[in-house]
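A.B. asks: This is my_file.cif, which holds mmCIF, C-alpha atoms and all ligand atoms:
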```cif
data_protein
loop_
_atom_site.group_PDB
_atom_site.id
_atom_site.type_symbol
_atom_site.label_atom_id
_atom_site.label_comp_id
_atom_site.auth_asym_id
_atom_site.auth_seq_id
_atom_site.Cartn_x
_atom_site.Cartn_y
_atom_site.Cartn_z
ATOM 1 C CA MET A 1 25.276 8.287 -18.083
ATOM 2 C CA LYS A 2 22.561 6.301 -16.366
ATOM 3 C CA LYS A 3 21.142 9.089 -14.222
ATOM 4 C CA LEU A 4 20.083 12.428 -15.721
ATOM 5 C CA GLU A 5 18.695 13.906 -12.520
ATOM 6 C CA GLY A 6 20.775 16.862 -11.353
ATOM 7 C CA ARG A 7 22.790 17.061 -14.597
ATOM 8 C CA ALA A 8 23.281 20.336 -16.429
ATOM 9 C CA ALA A 9 22.585 20.542 -20.158
ATOM 10 C CA VAL A 10 22.656 23.074 -22.960
ATOM 11 C CA VAL A 11 20.461 22.714 -26.051
ATOM 12 C CA THR A 12 20.799 24.839 -29.197
ATOM 13 C CA GLY A 13 17.758 25.528 -31.365
ATOM 14 C CA ALA A 14 15.591 24.830 -28.312
ATOM 15 C CA ALA A 15 12.695 27.191 -29.106
ATOM 16 C CA SER A 16 10.853 24.738 -31.324
ATOM 17 C CA GLY A 17 10.717 21.308 -32.917
ATOM 18 C CA ILE A 18 13.275 18.697 -31.897
ATOM 19 C CA GLY A 19 15.276 21.063 -29.649
ATOM 20 C CA LEU A 20 12.214 22.010 -27.609
ATOM 21 C CA ALA A 21 11.214 18.344 -27.323
ATOM 22 C CA VAL A 22 14.735 17.517 -26.080
ATOM 23 C CA ALA A 23 14.544 20.311 -23.462
ATOM 24 C CA GLU A 24 11.195 18.882 -22.343
ATOM 25 C CA ALA A 25 12.533 15.325 -22.191
ATOM 26 C CA LEU A 26 15.732 16.236 -20.314
ATOM 27 C CA THR A 27 13.935 18.371 -17.735
ATOM 28 C CA ALA A 28 11.332 15.622 -17.274
ATOM 29 C CA GLU A 29 14.270 13.428 -16.175
ATOM 30 C CA GLY A 30 15.341 16.069 -13.647
ATOM 31 C CA ALA A 31 18.149 17.709 -15.623
ATOM 32 C CA ALA A 32 18.568 21.500 -15.695
ATOM 33 C CA VAL A 33 18.621 22.910 -19.235
ATOM 34 C CA LEU A 34 20.009 26.116 -20.693
ATOM 35 C CA MET A 35 17.715 26.586 -23.687
ATOM 36 C CA THR A 36 19.253 28.662 -26.490
ATOM 37 C CA ASP A 37 17.895 29.795 -29.853
ATOM 38 C CA LEU A 38 18.263 32.517 -32.476
ATOM 39 C CA ASP A 39 14.560 33.364 -32.150
ATOM 40 C CA ALA A 40 14.479 35.187 -28.787
ATOM 41 C CA ASP A 41 10.679 35.591 -28.685
ATOM 42 C CA ALA A 42 9.895 31.948 -29.397
ATOM 43 C CA LEU A 43 12.634 30.955 -26.941
ATOM 44 C CA GLY A 44 11.120 33.091 -24.185
ATOM 45 C CA ARG A 45 7.698 31.531 -24.738
ATOM 46 C CA ALA A 46 9.104 27.987 -24.820
ATOM 47 C CA ALA A 47 11.133 28.489 -21.636
ATOM 48 C CA ALA A 48 8.165 30.099 -19.847
ATOM 49 C CA SER A 49 5.924 27.136 -20.694
ATOM 50 C CA LEU A 50 8.473 24.690 -19.262
ATOM 51 C CA ARG A 51 8.989 26.838 -16.159
ATOM 52 C CA ALA A 52 5.217 26.893 -15.626
ATOM 53 C CA ASP A 53 5.504 23.125 -15.464
ATOM 54 C CA ARG A 54 8.167 23.504 -12.734
ATOM 55 C CA ARG A 55 11.003 22.436 -15.004
ATOM 56 C CA ARG A 56 14.458 23.834 -14.296
ATOM 57 C CA VAL A 57 15.299 25.888 -17.399
ATOM 58 C CA GLU A 58 17.180 29.054 -18.259
ATOM 59 C CA ALA A 59 16.906 30.804 -21.604
ATOM 60 C CA LEU A 60 19.634 32.570 -23.575
ATOM 61 C CA PRO A 61 19.243 33.956 -27.108
ATOM 62 C CA LEU A 62 22.093 32.567 -29.202
ATOM 63 C CA ASP A 63 23.201 32.506 -32.830
ATOM 64 C CA VAL A 64 25.305 29.362 -33.250
ATOM 65 C CA THR A 65 27.160 30.915 -36.190
ATOM 66 C CA ASP A 66 28.809 33.294 -33.681
ATOM 67 C CA ALA A 67 31.700 31.390 -32.055
ATOM 68 C CA ALA A 68 32.215 33.955 -29.273
ATOM 69 C CA ALA A 69 28.510 33.872 -28.404
ATOM 70 C CA VAL A 70 28.540 30.061 -28.218
ATOM 71 C CA ALA A 71 31.552 30.238 -25.870
ATOM 72 C CA ALA A 72 29.682 32.789 -23.736
ATOM 73 C CA ALA A 73 26.663 30.437 -23.632
ATOM 74 C CA ALA A 74 28.918 27.641 -22.384
ATOM 75 C CA ASP A 75 30.205 29.938 -19.621
ATOM 76 C CA ALA A 76 26.625 30.950 -18.800
ATOM 77 C CA ALA A 77 25.626 27.300 -18.366
ATOM 78 C CA VAL A 78 28.527 26.714 -15.970
ATOM 79 C CA THR A 79 27.788 29.925 -14.039
ATOM 80 C CA ARG A 80 24.072 29.177 -13.709
ATOM 81 C CA PHE A 81 24.254 25.434 -13.027
ATOM 82 C CA GLY A 82 27.721 25.034 -11.491
ATOM 83 C CA GLY A 83 28.970 22.780 -14.311
ATOM 84 C CA LEU A 84 28.043 21.231 -17.652
ATOM 85 C CA HIS A 85 27.373 17.564 -18.434
ATOM 86 C CA ILE A 86 25.320 17.414 -21.639
ATOM 87 C CA ALA A 87 25.489 19.451 -24.856
ATOM 88 C CA VAL A 88 22.900 19.027 -27.595
ATOM 89 C CA ASN A 89 23.986 20.699 -30.841
ATOM 90 C CA ASN A 90 20.640 20.773 -32.586
ATOM 91 C CA ALA A 91 20.078 24.169 -34.278
ATOM 92 C CA GLY A 92 19.669 23.809 -38.019
ATOM 93 C CA ILE A 93 18.236 25.268 -41.203
ATOM 94 C CA VAL A 94 17.667 23.882 -44.687
ATOM 95 C CA ASN A 95 17.430 25.167 -48.250
ATOM 96 C CA ARG A 96 16.738 23.503 -51.560
ATOM 97 C CA GLY A 97 18.045 23.772 -55.091
ATOM 98 C CA LEU A 98 20.228 22.109 -57.687
ATOM 99 C CA ALA A 99 23.836 22.087 -56.481
ATOM 100 C CA TRP A 100 25.157 24.218 -59.354
ATOM 101 C CA GLU A 101 22.276 26.696 -59.232
ATOM 102 C CA LEU A 102 22.379 27.566 -55.530
ATOM 103 C CA SER A 103 24.345 30.739 -54.845
ATOM 104 C CA LEU A 104 27.504 30.634 -52.786
ATOM 105 C CA ASP A 105 25.566 32.595 -50.161
ATOM 106 C CA ASP A 106 23.028 29.745 -50.047
ATOM 107 C CA TRP A 107 25.868 27.272 -49.419
ATOM 108 C CA GLN A 108 27.522 29.471 -46.814
ATOM 109 C CA ARG A 109 24.307 30.167 -44.902
ATOM 110 C CA VAL A 110 23.476 26.500 -44.375
ATOM 111 C CA LEU A 111 27.071 25.441 -43.682
ATOM 112 C CA ALA A 112 27.421 28.305 -41.168
ATOM 113 C CA VAL A 113 24.528 27.028 -39.060
ATOM 114 C CA ASP A 114 24.445 23.268 -39.686
ATOM 115 C CA LEU A 115 28.187 22.550 -39.709
ATOM 116 C CA TRP A 116 30.008 25.532 -38.187
ATOM 117 C CA GLY A 117 27.309 25.808 -35.508
ATOM 118 C CA VAL A 118 28.154 22.263 -34.381
ATOM 119 C CA ILE A 119 31.913 22.927 -34.608
ATOM 120 C CA HIS A 120 31.402 26.007 -32.417
ATOM 121 C CA GLY A 121 29.425 23.856 -29.988
ATOM 122 C CA VAL A 122 32.177 21.237 -29.796
ATOM 123 C CA ALA A 123 34.847 23.917 -29.272
ATOM 124 C CA ALA A 124 32.846 25.683 -26.555
ATOM 125 C CA PHE A 125 30.948 22.948 -24.730
ATOM 126 C CA VAL A 126 33.412 20.028 -24.653
ATOM 127 C CA PRO A 127 36.119 21.864 -22.632
ATOM 128 C CA ARG A 128 33.464 22.902 -20.078
ATOM 129 C CA ILE A 129 32.163 19.318 -19.861
ATOM 130 C CA LEU A 130 35.740 18.060 -19.351
ATOM 131 C CA ALA A 131 36.418 20.774 -16.748
ATOM 132 C CA THR A 132 33.315 19.696 -14.816
ATOM 133 C CA GLY A 133 35.177 16.415 -14.339
ATOM 134 C CA GLU A 134 32.142 14.141 -14.288
ATOM 135 C CA GLU A 135 30.374 11.916 -16.815
ATOM 136 C CA GLY A 136 29.297 13.837 -19.878
ATOM 137 C CA HIS A 137 27.638 13.431 -23.240
ATOM 138 C CA VAL A 138 27.586 15.333 -26.539
ATOM 139 C CA VAL A 139 24.623 14.942 -28.893
ATOM 140 C CA ASN A 140 24.960 16.236 -32.442
ATOM 141 C CA VAL A 141 21.758 16.331 -34.463
ATOM 142 C CA ALA A 142 22.557 15.426 -38.071
ATOM 143 C CA SER A 143 19.938 13.892 -40.378
ATOM 144 C CA MET A 144 19.352 10.921 -42.653
ATOM 145 C CA ALA A 145 21.031 13.285 -45.150
ATOM 146 C CA ALA A 146 24.289 12.346 -43.357
ATOM 147 C CA VAL A 147 24.102 8.875 -44.879
ATOM 148 C CA ASN A 148 21.573 9.198 -47.700
ATOM 149 C CA PRO A 149 22.125 12.027 -50.204
ATOM 150 C CA VAL A 150 18.855 13.469 -51.504
ATOM 151 C CA GLU A 151 18.582 15.589 -54.652
ATOM 152 C CA ARG A 152 18.309 19.381 -54.253
ATOM 153 C CA LEU A 153 19.680 19.261 -50.688
ATOM 154 C CA GLY A 154 23.366 19.958 -51.462
ATOM 155 C CA PRO A 155 24.414 22.330 -48.643
ATOM 156 C CA TYR A 156 22.336 20.440 -46.070
ATOM 157 C CA THR A 157 23.772 17.086 -47.180
ATOM 158 C CA VAL A 158 27.356 18.391 -47.049
ATOM 159 C CA ALA A 159 26.799 19.894 -43.599
ATOM 160 C CA LYS A 160 25.170 16.765 -42.174
ATOM 161 C CA HIS A 161 27.916 14.493 -43.592
ATOM 162 C CA GLY A 162 30.329 16.823 -41.801
ATOM 163 C CA VAL A 163 28.418 16.469 -38.531
ATOM 164 C CA LEU A 164 28.589 12.662 -38.820
ATOM 165 C CA GLY A 165 32.357 12.781 -39.438
ATOM 166 C CA LEU A 166 32.909 15.325 -36.670
ATOM 167 C CA SER A 167 30.944 13.170 -34.213
ATOM 168 C CA ASP A 168 32.991 10.067 -35.047
ATOM 169 C CA VAL A 169 36.290 11.951 -34.674
ATOM 170 C CA LEU A 170 35.123 13.588 -31.439
ATOM 171 C CA ARG A 171 34.240 10.168 -30.005
ATOM 172 C CA ALA A 172 37.668 8.819 -30.988
ATOM 173 C CA ASP A 173 39.438 11.866 -29.509
ATOM 174 C CA LEU A 174 37.565 11.607 -26.198
ATOM 175 C CA PHE A 175 38.317 7.877 -26.030
ATOM 176 C CA ALA A 176 42.004 8.564 -26.784
ATOM 177 C CA VAL A 177 42.311 10.807 -23.724
ATOM 178 C CA GLY A 178 40.200 8.537 -21.524
ATOM 179 C CA ALA A 179 37.461 11.122 -20.946
ATOM 180 C CA PRO A 180 34.160 9.759 -19.581
ATOM 181 C CA VAL A 181 32.229 11.651 -22.244
ATOM 182 C CA GLY A 182 30.068 9.894 -24.832
ATOM 183 C CA VAL A 183 29.025 11.142 -28.253
ATOM 184 C CA SER A 184 25.812 10.433 -30.135
ATOM 185 C CA VAL A 185 25.026 11.539 -33.662
ATOM 186 C CA VAL A 186 21.314 11.624 -34.396
ATOM 187 C CA MET A 187 19.955 10.949 -37.876
ATOM 188 C CA PRO A 188 16.243 11.681 -37.746
ATOM 189 C CA GLY A 189 13.971 10.863 -40.629
ATOM 190 C CA ALA A 190 11.219 13.299 -41.662
ATOM 191 C CA THR A 191 10.085 14.841 -38.370
ATOM 192 C CA ARG A 192 7.009 17.024 -37.988
ATOM 193 C CA THR A 193 8.471 20.458 -37.113
ATOM 194 C CA GLY A 194 8.569 23.972 -38.516
ATOM 195 C CA MET A 195 11.361 22.800 -40.817
ATOM 196 C CA ASN A 196 9.299 19.900 -42.138
ATOM 197 C CA PRO A 197 5.544 20.252 -41.461
ATOM 198 C CA GLN A 198 4.855 17.093 -43.542
ATOM 199 C CA GLY A 199 7.142 15.009 -41.337
ATOM 200 C CA THR A 200 5.791 11.698 -40.066
ATOM 201 C CA VAL A 201 7.862 11.281 -36.875
ATOM 202 C CA GLU A 202 6.878 13.386 -33.852
ATOM 203 C CA PRO A 203 9.672 15.482 -32.253
ATOM 204 C CA GLY A 204 8.919 13.804 -28.918
ATOM 205 C CA ALA A 205 9.895 10.429 -30.414
ATOM 206 C CA VAL A 206 13.248 11.876 -31.545
ATOM 207 C CA ALA A 207 13.769 13.351 -28.071
ATOM 208 C CA ALA A 208 12.971 10.009 -26.407
ATOM 209 C CA ASN A 209 15.643 8.381 -28.561
ATOM 210 C CA ILE A 210 18.117 11.121 -27.641
ATOM 211 C CA VAL A 211 17.528 10.625 -23.912
ATOM 212 C CA ASP A 212 17.954 6.862 -24.358
ATOM 213 C CA ALA A 213 21.146 7.478 -26.386
ATOM 214 C CA ILE A 214 22.594 9.585 -23.555
ATOM 215 C CA ARG A 215 21.689 6.913 -21.010
ATOM 216 C CA ARG A 216 23.087 3.994 -22.995
ATOM 217 C CA ASP A 217 25.849 5.858 -24.839
ATOM 218 C CA ARG A 218 24.478 4.961 -28.275
ATOM 219 C CA PRO A 219 26.892 6.300 -30.930
ATOM 220 C CA TYR A 220 24.391 6.338 -33.819
ATOM 221 C CA VAL A 221 20.735 7.218 -33.353
ATOM 222 C CA PHE A 222 18.038 6.693 -35.962
ATOM 223 C CA THR A 223 14.403 7.492 -35.389
ATOM 224 C CA ASP A 224 12.731 5.217 -37.946
ATOM 225 C CA GLY A 225 13.466 2.763 -40.755
ATOM 226 C CA HIS A 226 13.036 5.451 -43.415
ATOM 227 C CA SER A 227 15.550 5.114 -46.333
ATOM 228 C CA THR A 228 17.349 2.129 -44.780
ATOM 229 C CA GLY A 229 17.438 0.378 -48.174
ATOM 230 C CA SER A 230 19.082 3.281 -49.976
ATOM 231 C CA VAL A 231 21.637 3.742 -47.179
ATOM 232 C CA ARG A 232 22.577 0.062 -47.444
ATOM 233 C CA ARG A 233 22.813 0.218 -51.260
ATOM 234 C CA ARG A 234 25.050 3.277 -51.047
ATOM 235 C CA LEU A 235 27.435 1.699 -48.519
ATOM 236 C CA GLU A 236 27.560 -1.523 -50.544
ATOM 237 C CA ALA A 237 28.342 0.465 -53.702
ATOM 238 C CA ILE A 238 31.194 2.248 -51.894
ATOM 239 C CA LEU A 239 32.623 -1.022 -50.536
ATOM 240 C CA SER A 240 32.204 -2.883 -53.840
ATOM 241 C CA ALA A 241 34.382 -0.245 -55.534
ATOM 242 C CA ARG A 242 37.311 -1.882 -53.734
ATOM 243 C CA ASP A 243 36.887 -4.936 -55.966
ATOM 244 C CA GLN A 244 37.469 -2.766 -59.004
ATOM 245 C CA VAL A 245 40.850 -1.316 -57.983
ATOM 246 C CA ILE A 246 43.413 -1.522 -60.795
ATOM 247 C CA THR A 247 46.716 -2.435 -59.183
ATOM 248 C CA SER A 248 49.038 -2.596 -62.176
HETATM 249 N N1 LIG B 301 12.403 18.079 -39.163
HETATM 250 C C1 LIG B 301 13.035 17.128 -39.828
HETATM 251 O O1 LIG B 301 12.461 16.420 -40.689
HETATM 252 C C2 LIG B 301 14.489 16.861 -39.546
HETATM 253 C C3 LIG B 301 15.050 15.676 -40.062
HETATM 254 C C4 LIG B 301 16.385 15.413 -39.823
HETATM 255 C C5 LIG B 301 17.141 16.292 -39.087
HETATM 256 N N2 LIG B 301 16.574 17.439 -38.594
HETATM 257 C C6 LIG B 301 17.450 18.337 -37.843
HETATM 258 O O2 LIG B 301 16.903 18.584 -36.567
HETATM 259 C C7 LIG B 301 17.392 19.832 -36.064
HETATM 260 C C8 LIG B 301 16.236 20.642 -35.493
HETATM 261 O O3 LIG B 301 15.358 20.986 -36.547
HETATM 262 P P1 LIG B 301 13.764 20.984 -36.406
HETATM 263 O O4 LIG B 301 13.245 20.017 -37.376
HETATM 264 O O5 LIG B 301 13.387 20.865 -34.982
HETATM 265 O O6 LIG B 301 13.431 22.418 -37.002
HETATM 266 P P2 LIG B 301 12.853 23.754 -36.326
HETATM 267 O O7 LIG B 301 12.896 24.759 -37.412
HETATM 268 O O8 LIG B 301 11.573 23.476 -35.620
HETATM 269 O O9 LIG B 301 13.934 24.099 -35.200
HETATM 270 C C9 LIG B 301 15.199 24.636 -35.485
HETATM 271 C C10 LIG B 301 15.499 25.696 -34.451
HETATM 272 O O10 LIG B 301 16.822 26.194 -34.711
HETATM 273 C C11 LIG B 301 16.787 27.594 -34.549
HETATM 274 N N3 LIG B 301 17.891 28.215 -35.303
HETATM 275 C C12 LIG B 301 17.977 28.418 -36.633
HETATM 276 N N4 LIG B 301 19.124 29.032 -36.934
HETATM 277 C C13 LIG B 301 19.781 29.221 -35.757
HETATM 278 C C14 LIG B 301 21.020 29.803 -35.415
HETATM 279 N N5 LIG B 301 21.822 30.365 -36.337
HETATM 280 N N6 LIG B 301 21.392 29.812 -34.107
HETATM 281 C C15 LIG B 301 20.586 29.270 -33.159
HETATM 282 N N7 LIG B 301 19.387 28.722 -33.428
HETATM 283 C C16 LIG B 301 18.995 28.695 -34.722
HETATM 284 C C17 LIG B 301 15.428 28.027 -35.062
HETATM 285 O O11 LIG B 301 15.054 29.301 -34.558
HETATM 286 C C18 LIG B 301 14.542 26.895 -34.553
HETATM 287 O O12 LIG B 301 13.984 27.181 -33.280
HETATM 288 C C19 LIG B 301 18.119 20.499 -37.246
HETATM 289 O O13 LIG B 301 19.518 20.319 -37.105
HETATM 290 C C20 LIG B 301 17.603 19.726 -38.438
HETATM 291 O O14 LIG B 301 18.513 19.741 -39.519
HETATM 292 C C21 LIG B 301 15.263 17.743 -38.810
#
```
Go ahead and render the structure in this file as structure tokens.

C.D. replies:
Amino acid sequence: MKKLEGRAAVVTGAASGIGLAVAEALTAEGAAVLMTDLDADALGRAAASLRADRRRVEALPLDVTDAAAVAAAADAAVTRFGGLHIAVNNAGIVNRGLAWELSLDDWQRVLAVDLWGVIHGVAAFVPRILATGEEGHVVNVASMAAVNPVERLGPYTVAKHGVLGLSDVLRADLFAVGAPVGVSVVMPGATRTGMNPQGTVEPGAVAANIVDAIRRDRPYVFTDGHSTGSVRRRLEAILSARDQVITS
């Protein structure tokens, strides 16, 4: 999708961090954005600051763990903008602990937002993008944890691996039906946001990569070279296991 001007987008988790930076970047290109977030107060402030800058934004409080609410947000985007072209499934949370010590509630809470939230987004936004009948793009924000497991990040790592797999399958499914809709999965490194105040990458740099990924239909989006060596070693270890297959 070369031109973003006049396109309609929805962004989840848009009140802060990467989601807010994406809303800023998309509206700077002339797209209209439905900003959604669980935190209604922060969302209202974020949307007001963009509106003050004459950006075309609407705000809708939304919990991505609620499938019916995500479907209603998709309808709201179509009602307000007359269609939907871009969906950015970005909302996320994290927790930490040894895999066997985290409670099942800890696992469920992170999977509900980071994996089910994206599944809800795919189920709700993709049919509206297809119904709009124009070029479209889906952006799913995963993490380096999608390709590089880190200790004490079990639920997050499982969820982000799921988002990577979901994005690949979604791309294949859209290709199979000939839909002009691209899919990008974003794997940011440590980004300076509320989730990760020590992060070294600025959210604006992640957003710039996301806009470029939409324009050029980039399937995989990294934001820095962080952990590249360990990702390569892991993939090589997986592939080298094929040499060790016992066949008789
Ligand atoms: N910051 C990093 O280092 C980093 C690295 C890799 C990936 N990511 C991913 O980037 C995405 C954005 O995170 P961020 O770093 O900007 O953090 P952030 O905490 O600044 O933003 C996350 C936003 O999601 C919202 N949110 C949380 N639960 C929600 C729910 N149930 N429904 C709707 N909104 C909800 C929060 O209110 C918040 O505004 C997440 O998916 C995160 O996993 C972040």

A.B. asks: Grab the atom N4 of ligand LIG 301 (chain B) to CA of Arg54 (chain A) distance for me, in Å with one decimal place.

C.D. replies: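 Computing it gives 27.1 Å between the two atoms.
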
A.B. asks: Which distance in Å separates CA of Leu43 (chain A) and CA of Ala207 (chain A), to one decimal?

C.D. replies: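 Result for CA of Leu43 (chain A) versus CA of Ala207 (chain A): 17.7 Å, one decimal.
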
A.B. asks: If I take atom N3 of ligand LIG 301 (chain B) and CA of Asp217 (chain A), how far is one from the other in Å, to one decimal?

C.D. replies: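 Computed distance, atom N3 of ligand LIG 301 (chain B) to CA of Asp217 (chain A), equals 25.9 Å.
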
A.B. asks: What do you get as a count of residues only if you pick all residues at most 7 Å from ligand LIG 301 (chain B), counting only C-alpha atoms and all ligand atoms?

C.D. replies: 38

A.B. asks: Excluding region 8-10 of chain A and residues on its chain fewer than 2 positions from it, collect all residues at most 8 Å away from it, counting only C-alpha atoms, and give them as a ChimeraX atom specification.

C.D. replies: /A:6,12,31-36,74,77,81,83-88

A.B. asks: My structure is short of atoms at region 33-58 of chain A; please model N, CA and C atoms there, returning them as a PDB file, keeping the file's coordinate frame.

C.D. replies:
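Below you can see selection-v5.pdb, which holds the result:
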```
ATOM      1  N   VAL A  33      18.291  22.662 -17.821  1.00  0.00           N
ATOM      2  CA  VAL A  33      18.621  22.910 -19.235  1.00  0.00           C
ATOM      3  C   VAL A  33      18.745  24.405 -19.517  1.00  0.00           C
ATOM      4  N   LEU A  34      19.873  24.780 -20.117  1.00  0.00           N
ATOM      5  CA  LEU A  34      20.009  26.116 -20.693  1.00  0.00           C
ATOM      6  C   LEU A  34      19.503  26.022 -22.128  1.00  0.00           C
ATOM      7  N   MET A  35      18.321  26.603 -22.359  1.00  0.00           N
ATOM      8  CA  MET A  35      17.715  26.586 -23.687  1.00  0.00           C
ATOM      9  C   MET A  35      18.247  27.790 -24.465  1.00  0.00           C
ATOM     10  N   THR A  36      18.732  27.556 -25.675  1.00  0.00           N
ATOM     11  CA  THR A  36      19.253  28.662 -26.490  1.00  0.00           C
ATOM     12  C   THR A  36      18.617  28.599 -27.871  1.00  0.00           C
ATOM     13  N   ASP A  37      18.462  29.766 -28.494  1.00  0.00           N
ATOM     14  CA  ASP A  37      17.895  29.795 -29.853  1.00  0.00           C
ATOM     15  C   ASP A  37      18.111  31.189 -30.437  1.00  0.00           C
ATOM     16  N   LEU A  38      18.165  31.244 -31.761  1.00  0.00           N
ATOM     17  CA  LEU A  38      18.263  32.517 -32.476  1.00  0.00           C
ATOM     18  C   LEU A  38      16.999  33.355 -32.292  1.00  0.00           C
ATOM     19  N   ASP A  39      15.857  32.691 -32.236  1.00  0.00           N
ATOM     20  CA  ASP A  39      14.560  33.364 -32.150  1.00  0.00           C
ATOM     21  C   ASP A  39      14.229  33.634 -30.668  1.00  0.00           C
ATOM     22  N   ALA A  40      14.588  34.861 -30.220  1.00  0.00           N
ATOM     23  CA  ALA A  40      14.479  35.187 -28.787  1.00  0.00           C
ATOM     24  C   ALA A  40      13.029  35.131 -28.294  1.00  0.00           C
ATOM     25  N   ASP A  41      12.082  35.577 -29.122  1.00  0.00           N
ATOM     26  CA  ASP A  41      10.679  35.591 -28.685  1.00  0.00           C
ATOM     27  C   ASP A  41      10.144  34.170 -28.481  1.00  0.00           C
ATOM     28  N   ALA A  42      10.365  33.343 -29.502  1.00  0.00           N
ATOM     29  CA  ALA A  42       9.895  31.948 -29.397  1.00  0.00           C
ATOM     30  C   ALA A  42      10.595  31.244 -28.240  1.00  0.00           C
ATOM     31  N   LEU A  43      11.874  31.568 -28.038  1.00  0.00           N
ATOM     32  CA  LEU A  43      12.634  30.955 -26.941  1.00  0.00           C
ATOM     33  C   LEU A  43      12.032  31.338 -25.589  1.00  0.00           C
ATOM     34  N   GLY A  44      11.711  32.630 -25.439  1.00  0.00           N
ATOM     35  CA  GLY A  44      11.120  33.091 -24.185  1.00  0.00           C
ATOM     36  C   GLY A  44       9.815  32.382 -23.884  1.00  0.00           C
ATOM     37  N   ARG A  45       8.992  32.218 -24.928  1.00  0.00           N
ATOM     38  CA  ARG A  45       7.698  31.531 -24.738  1.00  0.00           C
ATOM     39  C   ARG A  45       7.910  30.063 -24.372  1.00  0.00           C
ATOM     40  N   ALA A  46       8.856  29.419 -25.068  1.00  0.00           N
ATOM     41  CA  ALA A  46       9.104  27.987 -24.820  1.00  0.00           C
ATOM     42  C   ALA A  46       9.614  27.780 -23.393  1.00  0.00           C
ATOM     43  N   ALA A  47      10.563  28.643 -22.982  1.00  0.00           N
ATOM     44  CA  ALA A  47      11.133  28.489 -21.636  1.00  0.00           C
ATOM     45  C   ALA A  47      10.062  28.747 -20.577  1.00  0.00           C
ATOM     46  N   ALA A  48       9.213  29.773 -20.825  1.00  0.00           N
ATOM     47  CA  ALA A  48       8.165  30.099 -19.847  1.00  0.00           C
ATOM     48  C   ALA A  48       7.204  28.921 -19.686  1.00  0.00           C
ATOM     49  N   SER A  49       6.885  28.246 -20.804  1.00  0.00           N
ATOM     50  CA  SER A  49       5.924  27.136 -20.694  1.00  0.00           C
ATOM     51  C   SER A  49       6.543  25.978 -19.901  1.00  0.00           C
ATOM     52  N   LEU A  50       7.843  25.761 -20.052  1.00  0.00           N
ATOM     53  CA  LEU A  50       8.473  24.690 -19.262  1.00  0.00           C
ATOM     54  C   LEU A  50       8.573  25.081 -17.790  1.00  0.00           C
ATOM     55  N   ARG A  51       8.892  26.379 -17.559  1.00  0.00           N
ATOM     56  CA  ARG A  51       8.989  26.838 -16.159  1.00  0.00           C
ATOM     57  C   ARG A  51       7.640  26.704 -15.453  1.00  0.00           C
ATOM     58  N   ALA A  52       6.562  26.996 -16.209  1.00  0.00           N
ATOM     59  CA  ALA A  52       5.217  26.893 -15.626  1.00  0.00           C
ATOM     60  C   ALA A  52       4.942  25.465 -15.188  1.00  0.00           C
ATOM     61  N   ASP A  53       5.645  24.539 -15.798  1.00  0.00           N
ATOM     62  CA  ASP A  53       5.504  23.125 -15.464  1.00  0.00           C
ATOM     63  C   ASP A  53       6.563  22.703 -14.431  1.00  0.00           C
ATOM     64  N   ARG A  54       7.158  23.710 -13.791  1.00  0.00           N
ATOM     65  CA  ARG A  54       8.167  23.504 -12.734  1.00  0.00           C
ATOM     66  C   ARG A  54       9.432  22.810 -13.214  1.00  0.00           C
ATOM     67  N   ARG A  55       9.747  22.993 -14.511  1.00  0.00           N
ATOM     68  CA  ARG A  55      11.003  22.436 -15.004  1.00  0.00           C
ATOM     69  C   ARG A  55      12.112  23.444 -14.744  1.00  0.00           C
ATOM     70  N   ARG A  56      13.343  22.943 -14.562  1.00  0.00           N
ATOM     71  CA  ARG A  56      14.458  23.834 -14.296  1.00  0.00           C
ATOM     72  C   ARG A  56      15.112  24.239 -15.617  1.00  0.00           C
ATOM     73  N   VAL A  57      14.723  25.406 -16.135  1.00  0.00           N
ATOM     74  CA  VAL A  57      15.299  25.888 -17.399  1.00  0.00           C
ATOM     75  C   VAL A  57      15.732  27.342 -17.270  1.00  0.00           C
ATOM     76  N   GLU A  58      16.759  27.674 -18.047  1.00  0.00           N
ATOM     77  CA  GLU A  58      17.180  29.054 -18.259  1.00  0.00           C
ATOM     78  C   GLU A  58      17.139  29.271 -19.760  1.00  0.00           C
TER      79      GLU A  58
END
```
